[in-house]
Amino acid sequence: MHRLPRVSASTAGLVPRTALIHDFLVSVRGADRVFLEICELWPDADVFTPVYNERGAEGRFADRNIHTSFLQRLRPSARNFRAFLPFYPSAIESFDLSGYDLVISSSSAWAHAVICDERAVHVSYCHNPFRYAWNERHRTLAERSNPLSRAVLSRLFRRWREWDWIAAQRVDRYVTNSRTTQARIKAYFGRESHIIYPPVATGRFRQQPVGEHYLVLSELVSHKQIDVAIEAFNRLRLPLVVTGGGPDRRRLRRLAGPTIRFAGRVSDSEAARLLATCRALVVTTGEEFGIAAVEAQAAGRPVIARAAGGLLENVLDGVTGRLWEGGPGELAEVVSRFDTRAVDSEACIENARRFDAAVFRKAFPREVEAALNQGPSDRQETWPRIPRRPTPSRRPAWRASRFGGA
């Protein structure tokens, strides 16, 4: 954990002083990679996160000025950070962001709920509203066999949804990763959002001779439905490599037959090799976007993906992969019928270029600039950020000097 003096992002009142907020920094997964790109775009900004584990984050934030919450005393890691769930709302609201002109949150749960200065502009890149309280709540509760535990969790999620909706009204502008997430932001928060696809480093992938294995590249948690792939490949008796870690790993290993190998968490270079040499990447859940699916295509390989979520936007059915619906039987049938070697690798690579990080680097700053030009939102707030002090204008001095006028 780093507690360095705050680095000012202001220069003679012309540049907004910026804070970047992320849900947690304990590993490097899809949302974390997006946040890394945001950090590169604002290299002088301070970083806030409730919990931080430098080893889990592979040292990628070691040179940043990182502020953590009271939860840091509990020694967070990728193994235990989920246990702190009830405390994250208090943790994210505990940060003092007074003095920051621009706040950019990267949120798949609670980062968007940070309380900003009343004249700051808050732009949130929303990967998804907190799935366990919203779109995955029924499945999550159904997995609890203990009635008391289920009742307690149900009450927690109900309170969370109330808190989450109120927090969403404080955000000035939402940006999101797909039409699926855009619809959820509208349905759950009543807020409009702009779609900018997540950045994918397509240039780090190269074609290689294709092997015999299929690949699952995912965090091993229940909502990813990896058990569907395991059952399908048990039936097919085809080689499947499952990468990633998570709380569902032991259960999945018990289900796996002799043709399924668990590789654990792998380095970026090993992931690139496995993607480039697989017959196809297999995706068993409707990802909000699906960065791994784009990475596979960047390596010239097709994707066999559930026909849902952002995968409908980044996999071209019959061209760069095959979309399917149903359970293990349907997946097994699609795998057995889909000739992965007949897929045009160049078509996969060309499709992946639509989502290259260079596109994000241009589009996202434009959205932030538009939010700054618009200024803090004038809508009625159900829960004020901070009591407003009298001022002749809601536009701070730095903005007046930059854009003209007061």
# chains A, B, ... in the order shown; residues from 1 in each chain; ligands from 1

call {"tool": "residues_around", "arguments": {"residues": "A:Asp101", "least_positions_apart": "4", "cutoff": "6 Å", "atoms": "only C-alpha atoms", "output": "list in words"}}
result
Pro16, Arg17 and Ala120 of chain A

call {"tool": "select_by_dssp", "arguments": {"residues": "stretch 243-327 of chain A", "states": "alpha helix (DSSP H)", "output": "number ranges by chain"}}
result
A: 249-255, 268-277, 291-298, 311-314

call {"tool": "write_last_selection", "arguments": {"atoms": "C-alpha atoms", "output": "mmCIF file, in the first residue's frame"}}
result
data_model
loop_
_atom_site.group_PDB
_atom_site.id
_atom_site.type_symbol
_atom_site.label_atom_id
_atom_site.label_comp_id
_atom_site.auth_asym_id
_atom_site.auth_seq_id
_atom_site.Cartn_x
_atom_site.Cartn_y
_atom_site.Cartn_z
ATOM 1 C CA ARG A 249 -12.490 -23.953 -8.692
ATOM 2 C CA ARG A 250 -12.746 -26.913 -6.290
ATOM 3 C CA ARG A 251 -16.310 -27.714 -7.285
ATOM 4 C CA LEU A 252 -15.436 -27.531 -10.964
ATOM 5 C CA ARG A 253 -12.425 -29.811 -10.547
ATOM 6 C CA ARG A 254 -14.659 -32.420 -8.948
ATOM 7 C CA LEU A 255 -16.935 -32.318 -12.004
ATOM 8 C CA ASP A 268 -0.451 -12.545 -20.126
ATOM 9 C CA SER A 269 2.106 -14.258 -22.352
ATOM 10 C CA GLU A 270 0.800 -17.723 -21.491
ATOM 11 C CA ALA A 271 -2.792 -16.604 -22.024
ATOM 12 C CA ALA A 272 -1.808 -15.253 -25.455
ATOM 13 C CA ARG A 273 -0.177 -18.592 -26.319
ATOM 14 C CA LEU A 274 -3.176 -20.624 -25.184
ATOM 15 C CA LEU A 275 -5.536 -18.385 -27.158
ATOM 16 C CA ALA A 276 -3.439 -18.525 -30.323
ATOM 17 C CA THR A 277 -3.104 -22.319 -30.242
ATOM 18 C CA ILE A 291 -12.759 -9.039 -23.532
ATOM 19 C CA ALA A 292 -11.416 -12.606 -23.791
ATOM 20 C CA ALA A 293 -13.602 -13.198 -26.845
ATOM 21 C CA VAL A 294 -12.007 -10.238 -28.625
ATOM 22 C CA GLU A 295 -8.541 -11.387 -27.541
ATOM 23 C CA ALA A 296 -9.166 -14.815 -29.059
ATOM 24 C CA GLN A 297 -10.196 -13.225 -32.355
ATOM 25 C CA ALA A 298 -7.134 -10.950 -32.234
ATOM 26 C CA LEU A 311 -20.913 -11.283 -27.208
ATOM 27 C CA LEU A 312 -23.697 -10.482 -29.667
ATOM 28 C CA GLU A 313 -21.733 -7.324 -30.481
ATOM 29 C CA ASN A 314 -18.223 -8.728 -30.822
#

call {"tool": "residues_around", "arguments": {"residues": "A:His223", "least_positions_apart": "4", "cutoff": "9 Å", "atoms": "only C-alpha atoms", "output": "ChimeraX atom specification"}}
result
/A:136,139-140,285

call {"tool": "residues_around", "arguments": {"residues": "A:Arg137", "least_positions_apart": "6", "cutoff": "9 Å", "atoms": "only C-alpha atoms", "output": "mmCIF file with C-alpha atoms, in the first residue's frame"}}
result
data_model
loop_
_atom_site.group_PDB
_atom_site.id
_atom_site.type_symbol
_atom_site.label_atom_id
_atom_site.label_comp_id
_atom_site.auth_asym_id
_atom_site.auth_seq_id
_atom_site.Cartn_x
_atom_site.Cartn_y
_atom_site.Cartn_z
ATOM 1 C CA ARG A 131 -24.786 -8.151 -10.524
ATOM 2 C CA SER A 154 -32.004 -11.019 0.538
ATOM 3 C CA PHE A 157 -29.436 -6.951 -1.430
#

call {"tool": "residues_around", "arguments": {"residues": "A:Val335", "least_positions_apart": "3", "cutoff": "9 Å", "atoms": "only C-alpha atoms", "output": "ChimeraX atom specification"}}
result
/A:232-233,236,304,322,330-332,338-340

call {"tool": "write_last_selection", "arguments": {"atoms": "C-alpha atoms", "output": "PDB file, in the first residue's frame"}}
result
ATOM      1  CA  ALA A 232     -20.248 -30.695 -22.436  1.00  0.00           C
ATOM      2  CA  PHE A 233     -16.581 -31.651 -22.828  1.00  0.00           C
ATOM      3  CA  LEU A 236     -17.410 -35.051 -26.037  1.00  0.00           C
ATOM      4  CA  ILE A 304     -18.000 -20.495 -29.384  1.00  0.00           C
ATOM      5  CA  ARG A 322     -20.587 -19.636 -33.394  1.00  0.00           C
ATOM      6  CA  GLU A 330     -26.568 -27.801 -26.938  1.00  0.00           C
ATOM      7  CA  LEU A 331     -22.974 -26.695 -26.384  1.00  0.00           C
ATOM      8  CA  ALA A 332     -21.694 -30.207 -27.075  1.00  0.00           C
ATOM      9  CA  PHE A 338     -18.452 -26.411 -35.821  1.00  0.00           C
ATOM     10  CA  ASP A 339     -15.356 -26.811 -37.992  1.00  0.00           C
ATOM     11  CA  THR A 340     -12.988 -24.440 -36.193  1.00  0.00           C
TER      12      THR A 340
END

call {"tool": "select_by_dssp", "arguments": {"residues": "stretch 86-318 of chain A", "states": "strand (DSSP E)", "output": "PyMOL selection string"}}
result
chain A and resi 102-107+121-126+173-176+193-195+214-217+240-243+260-264+281-283+303-306

call {"tool": "atom_distance", "arguments": {"atom1": "atom CA of A:Arg161", "atom2": "atom CA of A:Leu85"}}
result
13.7 Å

call {"tool": "residues_around", "arguments": {"residues": "A:Val343", "least_positions_apart": "4", "cutoff": "7 Å", "atoms": "only C-alpha atoms", "output": "list in words"}}
result
Pro302, Val319 and Thr320 of chain A

call {"tool": "residues_around", "arguments": {"residues": "A:Pro198", "least_positions_apart": "3", "cutoff": "7 Å", "atoms": "only C-alpha atoms", "output": "list of chain:residue names"}}
result
A:Val34, A:Asn177, A:Phe355, A:Phe360

call {"tool": "write_last_selection", "arguments": {"atoms": "N, CA, C and O atoms", "output": "mmCIF file, in the first residue's frame"}}
result
data_model
loop_
_atom_site.group_PDB
_atom_site.id
_atom_site.type_symbol
_atom_site.label_atom_id
_atom_site.label_comp_id
_atom_site.auth_asym_id
_atom_site.auth_seq_id
_atom_site.Cartn_x
_atom_site.Cartn_y
_atom_site.Cartn_z
ATOM 1 N N VAL A 34 -9.344 -2.390 -17.999
ATOM 2 C CA VAL A 34 -9.939 -1.126 -18.445
ATOM 3 C C VAL A 34 -9.446 0.008 -17.550
ATOM 4 O O VAL A 34 -9.079 1.092 -18.033
ATOM 5 N N ASN A 177 -20.051 -0.366 -21.537
ATOM 6 C CA ASN A 177 -19.294 -1.245 -22.417
ATOM 7 C C ASN A 177 -20.096 -1.973 -23.483
ATOM 8 O O ASN A 177 -19.513 -2.608 -24.357
ATOM 9 N N PHE A 355 -12.096 -3.123 -31.696
ATOM 10 C CA PHE A 355 -12.097 -2.928 -30.249
ATOM 11 C C PHE A 355 -10.696 -2.641 -29.709
ATOM 12 O O PHE A 355 -10.447 -2.768 -28.513
ATOM 13 N N PHE A 360 -10.432 3.216 -27.815
ATOM 14 C CA PHE A 360 -10.823 3.668 -26.484
ATOM 15 C C PHE A 360 -10.066 4.937 -26.093
ATOM 16 O O PHE A 360 -10.643 5.867 -25.513
#

call {"tool": "atom_distance", "arguments": {"atom1": "atom CA of A:Val303", "atom2": "atom CA of A:Asp32"}}
result
22.5 Å

call {"tool": "closest_residue", "arguments": {"among": "A:Arg206, A:His194, A:Arg60, A:Arg155", "to": "A:Glu367", "atoms": "only C-alpha atoms"}}
result
A:His194

call {"tool": "closest_residue", "arguments": {"among": "A:Ser149, A:Ser27, A:Thr18, A:Ser69", "to": "A:Ser105", "atoms": "only C-alpha atoms"}}
result
A:Thr18

call {"tool": "closest_residue", "arguments": {"among": "A:Ile185, A:Leu153, A:Val282, A:Ile226", "to": "A:Tyr214", "atoms": "only C-alpha atoms"}}
result
A:Val282

call {"tool": "atom_distance", "arguments": {"atom1": "atom CA of A:Ala31", "atom2": "atom CA of A:Ser77"}}
result
16.4 Å
